[in-house]
$ cat start.cif   # mmCIF, C-alpha atoms
data_run
#
loop_
_atom_site.label_atom_id
_atom_site.label_comp_id
_atom_site.auth_asym_id
_atom_site.auth_seq_id
_atom_site.Cartn_x
_atom_site.Cartn_y
_atom_site.Cartn_z
CA MET W 726 -14.36 -56.79 37.76
CA LEU W 727 -14.03 -58.23 34.29
CA GLY W 728 -10.27 -58.23 34.34
CA LEU W 729 -10.09 -55.04 32.28
CA PRO W 730 -7.42 -52.60 33.34
CA LEU W 731 -8.74 -49.24 34.48
CA PRO W 732 -7.14 -46.26 32.78
CA SER W 733 -4.80 -44.34 34.99
CA CYS W 734 -4.89 -40.58 35.47
CA ARG W 735 -1.65 -40.41 33.56
CA ASP W 736 -3.38 -41.87 30.48
CA ASN W 737 -6.42 -39.61 30.77
CA CYS W 738 -4.42 -36.47 31.53
CA ALA W 739 -2.28 -37.07 28.46
CA LEU W 740 -5.39 -36.57 26.34
CA GLY W 741 -5.86 -33.01 27.64
CA PRO W 742 -4.06 -31.33 24.73
CA GLN W 743 -6.05 -33.41 22.21
CA PHE W 744 -9.32 -32.39 23.86
CA MET W 745 -8.19 -28.77 23.93
CA SER W 746 -7.26 -28.78 20.23
CA PHE W 747 -10.57 -30.49 19.42
CA GLY W 748 -12.52 -27.91 21.42
CA ILE W 749 -10.77 -24.93 19.87
CA SER W 750 -11.17 -26.43 16.39
CA PHE W 751 -14.86 -27.12 16.91
CA PHE W 752 -15.35 -23.52 18.05
CA VAL W 753 -13.37 -22.12 15.09
CA ILE W 754 -15.20 -24.27 12.52
CA GLY W 755 -18.54 -23.41 14.13
CA ILE W 756 -17.87 -19.68 13.91
CA TYR W 757 -16.80 -19.89 10.27
CA TRP W 758 -19.69 -22.21 9.35
CA THR W 759 -22.12 -19.66 10.81
CA SER W 760 -20.35 -16.78 9.04
CA HIS W 761 -20.37 -18.69 5.77
CA HIS W 762 -24.15 -19.06 5.97
CA ARG W 763 -24.60 -15.39 6.83
CA TYR W 764 -22.47 -14.28 3.88
CA PHE W 765 -24.18 -16.61 1.44
CA ARG W 766 -27.61 -15.30 2.43
CA LEU W 767 -26.39 -11.97 1.04
CA ILE W 768 -24.85 -13.39 -2.13
CA LYS W 769 -27.48 -13.47 -4.88
CA ARG W 770 -25.44 -14.75 -7.84
CA TYR W 771 -22.35 -16.86 -8.35
CA ASP W 772 -19.61 -17.30 -10.90
CA SER W 773 -16.50 -19.44 -11.33
CA GLY W 774 -14.39 -17.06 -9.22
CA LEU W 775 -16.75 -17.38 -6.26
CA ILE W 776 -16.83 -21.16 -6.63
CA ALA W 777 -13.01 -21.31 -6.68
CA LEU W 778 -12.75 -19.14 -3.55
CA ASN W 779 -15.41 -21.24 -1.84
CA MET W 780 -13.42 -24.38 -2.66
CA LEU W 781 -10.30 -22.76 -1.17
CA PHE W 782 -12.27 -21.97 1.98
CA LEU W 783 -13.51 -25.58 2.08
CA LEU W 784 -9.94 -26.86 1.67
CA PHE W 785 -8.85 -25.02 4.80
CA ILE W 786 -11.93 -26.21 6.71
CA VAL W 787 -11.29 -29.88 5.90
CA LEU W 788 -7.63 -29.40 6.81
CA MET W 789 -8.61 -28.51 10.40
CA PRO W 790 -8.90 -32.07 11.81
CA PHE W 791 -5.37 -32.82 10.57
CA VAL W 792 -3.97 -29.56 11.92
CA ALA W 793 -5.85 -30.01 15.21
CA SER W 794 -4.33 -33.48 15.53
CA LEU W 795 -0.84 -32.05 14.99
CA PHE W 796 -1.49 -29.32 17.53
CA GLY W 797 -2.89 -31.84 20.03
CA GLN W 798 0.19 -34.02 19.64
CA TYR W 799 2.78 -31.24 19.51
CA TYR W 800 1.05 -28.62 21.66
CA ASN W 801 4.27 -28.00 23.57
CA LEU W 802 6.28 -27.12 20.47
CA PRO W 803 6.15 -23.68 18.86
CA LEU W 804 5.84 -25.26 15.42
CA GLY W 805 2.63 -27.09 16.39
CA MET W 806 1.04 -23.86 17.61
CA SER W 807 2.32 -21.91 14.62
CA VAL W 808 0.93 -24.34 12.07
CA TYR W 809 -2.41 -24.34 13.87
CA ALA W 810 -2.56 -20.52 13.99
CA ALA W 811 -1.61 -20.30 10.31
CA ALA W 812 -4.36 -22.78 9.39
CA VAL W 813 -7.02 -20.85 11.33
CA ALA W 814 -5.80 -17.62 9.75
CA ALA W 815 -6.02 -19.24 6.30
CA ILE W 816 -9.68 -20.11 6.93
CA GLY W 817 -10.44 -16.53 7.90
CA LEU W 818 -8.44 -14.98 5.09
CA SER W 819 -10.09 -17.22 2.50
CA MET W 820 -13.51 -16.27 3.92
CA GLY W 821 -12.51 -12.61 3.70
CA ALA W 822 -11.36 -13.05 0.11
CA LEU W 823 -14.64 -14.76 -0.72
CA TRP W 824 -16.65 -11.88 0.78
CA TRP W 825 -14.48 -9.23 -0.87
CA TYR W 826 -14.84 -10.93 -4.25
CA ALA W 827 -18.62 -11.22 -3.97
CA SER W 828 -19.21 -7.75 -2.54
CA HIS W 829 -16.67 -5.62 -4.43
CA ARG W 830 -18.72 -3.15 -6.46
CA HIS W 831 -21.76 -5.30 -5.63
CA ARG W 832 -20.44 -7.96 -8.02
CA LEU W 833 -22.58 -10.84 -6.70
CA ILE W 834 -24.74 -9.21 -4.06
CA ASP W 835 -27.87 -7.08 -4.15
CA GLU W 836 -27.20 -3.59 -5.53
CA ARG W 837 -29.28 -2.10 -2.72
CA LEU W 838 -27.05 -3.51 0.03
CA ASP W 839 -25.55 -0.59 1.95
CA THR W 840 -21.82 -0.06 1.31
CA SER W 841 -21.14 0.72 4.98
CA PHE W 842 -22.71 -2.64 5.88
CA ILE W 843 -20.48 -4.33 3.30
CA ARG W 844 -17.39 -2.66 4.79
CA THR W 845 -18.46 -3.62 8.31
CA ARG W 846 -18.57 -7.29 7.31
CA SER W 847 -14.91 -6.96 6.29
CA ILE W 848 -14.05 -6.37 9.96
CA ALA W 849 -14.28 -10.14 10.32
CA MET W 850 -10.68 -10.07 9.07
CA THR W 851 -9.66 -9.03 12.59
CA ALA W 852 -9.74 -12.62 13.89
CA PRO W 853 -7.49 -14.22 11.24
CA LEU W 854 -5.06 -11.32 11.54
CA LEU W 855 -4.85 -11.89 15.31
CA PHE W 856 -4.11 -15.57 14.66
CA LEU W 857 -1.29 -14.49 12.34
CA VAL W 858 0.00 -12.07 14.98
CA SER W 859 0.01 -14.91 17.52
CA ILE W 860 2.53 -16.98 15.55
CA PRO W 861 5.71 -15.29 16.84
CA PHE W 862 4.35 -15.47 20.41
CA ALA W 863 4.23 -19.28 20.11
CA PHE W 864 8.03 -19.29 20.26
CA PHE W 865 8.22 -17.74 23.73
CA SER W 866 4.79 -17.92 25.40
CA GLN W 867 2.31 -20.67 24.69
CA MET W 868 -0.15 -19.24 27.20
CA LEU W 869 -0.09 -15.79 25.60
CA THR W 870 -0.64 -17.41 22.20
CA ILE W 871 -3.76 -19.20 23.44
CA VAL W 872 -5.00 -16.01 25.11
CA ILE W 873 -4.67 -14.21 21.75
CA TRP W 874 -6.60 -17.05 20.09
CA CYS W 875 -9.38 -16.76 22.66
CA MET W 876 -9.48 -12.99 22.31
CA ALA W 877 -9.72 -13.04 18.49
CA PRO W 878 -13.45 -13.84 18.18
CA LEU W 879 -14.27 -11.59 21.11
CA VAL W 880 -12.40 -8.63 19.59
CA SER W 881 -14.15 -9.19 16.24
CA PHE W 882 -17.53 -9.41 17.96
CA VAL W 883 -16.98 -6.20 19.94
CA ILE W 884 -15.82 -4.29 16.84
CA LEU W 885 -18.80 -5.55 14.79
CA ARG W 886 -21.23 -4.56 17.55
CA TYR W 887 -19.64 -1.13 17.90
CA LEU W 888 -19.75 -0.46 14.17
CA GLY W 889 -23.29 -1.82 13.92
CA HIS W 890 -24.34 0.50 16.74
CA ARG W 891 -22.70 3.47 15.00
CA GLN W 892 -24.49 2.60 11.75
CA SER W 893 -27.87 2.45 13.47
CA GLN W 894 -27.34 5.92 14.92
CA LYS W 895 -26.82 7.49 11.47
#
$ encode --input "start.cif" --output "structure tokens"
Amino acid sequence: MLGLPLPSCRDNCALGPQFMSFGISFFVIGIYWTSHHRYFRLIKRYDSGLIALNMLFLLFIVLMPFVASLFGQYYNLPLGMSVYAAAVAAIGLSMGALWWYASHRHRLIDERLDTSFIRTRSIAMTAPLLFLVSIPFAFFSQMLTIVIWCMAPLVSFVILRYLGHRQSQK
């Protein structure tokens, strides 16, 4: 046509890991962005401790494109998967620390907020803990590691729904 070379399948197929890491990262960031908004609707006040924890959370969020790039490039190496899993876990753990700080003894949230509801929100720690658990699996089964990653939000969702259902029956 115009003398431009058409990309071969080999070139396009090589981008598969980069697209996969982008997709997983978009999903992870989207979940935490949504959670962040839900938590901050419940937080009524702020202080320097909350701001510092929020900055830590933001640090791990902005680190994701770099970590996703490493994972996309070194998807076949255990270290690439391990660093990625640790980064996702760090996002979740920093979000959990932020919620714990704000909600402990109703420090920065409404006094009338039910303590069982507050505890239920802490179940969100399930996902980052599963990402941490996946790290050793990266050294002998990449597929199992990715399955654990995909199961993490689903497990958290099921537990939250179950606990929410139990609360509504009380």
$ resolve_selection --input "start.cif" --expression "the PyMOL selection byres ((chain W and resi 859-873) around 7)" --output "short mmCIF file (atom, residue, chain, number, x, y, z; two decimals) with C-alpha atoms, in the frame of the given file"
data_model
loop_
_atom_site.label_atom_id
_atom_site.label_comp_id
_atom_site.auth_asym_id
_atom_site.auth_seq_id
_atom_site.Cartn_x
_atom_site.Cartn_y
_atom_site.Cartn_z
CA PRO W 803 6.15 -23.68 18.86
CA MET W 806 1.04 -23.86 17.61
CA SER W 807 2.32 -21.91 14.62
CA ALA W 810 -2.56 -20.52 13.99
CA LEU W 855 -4.85 -11.89 15.31
CA PHE W 856 -4.11 -15.57 14.66
CA LEU W 857 -1.29 -14.49 12.34
CA VAL W 858 0.00 -12.07 14.98
CA TRP W 874 -6.60 -17.05 20.09
CA CYS W 875 -9.38 -16.76 22.66
CA MET W 876 -9.48 -12.99 22.31
CA ALA W 877 -9.72 -13.04 18.49
#
$ resolve_selection --input "start.cif" --expression "the PyMOL selection byres ((chain W and resi 834-842) around 8)" --output "VMD selection string"
chain W and resid 767 to 770 827 to 828 831 to 833 843 to 846 892
$ closest_residue --input "start.cif" --among "W:Met820, W:Val808, W:Ala815, W:Leu888" --to "W:Trp758" --atoms "all atoms listed in the file"
W:Met820
$ residues_around --input "start.cif" --residues "W:Ser750" --least-positions-apart "6" --cutoff "8 Å" --atoms "all atoms listed in the file" --output "short mmCIF file (atom, residue, chain, number, x, y, z; two decimals) with C-alpha atoms, in the coordinates of the input"
data_model
loop_
_atom_site.label_atom_id
_atom_site.label_comp_id
_atom_site.auth_asym_id
_atom_site.auth_seq_id
_atom_site.Cartn_x
_atom_site.Cartn_y
_atom_site.Cartn_z
CA MET W 789 -8.61 -28.51 10.40
CA PRO W 790 -8.90 -32.07 11.81
CA ALA W 793 -5.85 -30.01 15.21
#
$ residues_around --input "start.cif" --residues "W:Ser746" --least-positions-apart "4" --cutoff "12 Å" --atoms "all atoms listed in the file" --output "list in words"
Leu740, Gly741, Pro742, Ser750, Phe751, Phe752, Val753, Ile754, Met789, Pro790, Phe791, Val792, Ala793, Ser794, Leu795, Phe796, Gly797, Gln798, Tyr799, Tyr800, Gly805, Met806, Tyr809, Ala810, Val813, Ile871 and Trp874 of chain W
$ closest_residue --input "start.cif" --among "W:Ala814, W:Leu804, W:Val787, W:Leu823" --to "W:Ser760" --atoms "only C-alpha atoms"
W:Leu823
$ closest_residue --input "start.cif" --among "W:Ile749, W:Asn801, W:Ser819, W:Arg766" --to "W:Asn779" --atoms "all atoms listed in the file"
W:Ser819
$ atom_distance --input "start.cif" --atom1 "atom CA of W:Phe747" --atom2 "atom CA of W:Gly821"
23.9 Å
$ closest_residue --input "start.cif" --among "W:Leu854, W:Leu802, W:Ile816, W:Ile884" --to "W:Ile756" --atoms "only C-alpha atoms"
W:Ile816
$ atom_distance --input "start.cif" --atom1 "atom CA of W:Ala852" --atom2 "atom CA of W:Tyr771"
25.9 Å
$ closest_residue --input "start.cif" --among "W:Leu885, W:Met850, W:Val880, W:Ala822" --to "W:Leu778" --atoms "all atoms listed in the file"
W:Ala822
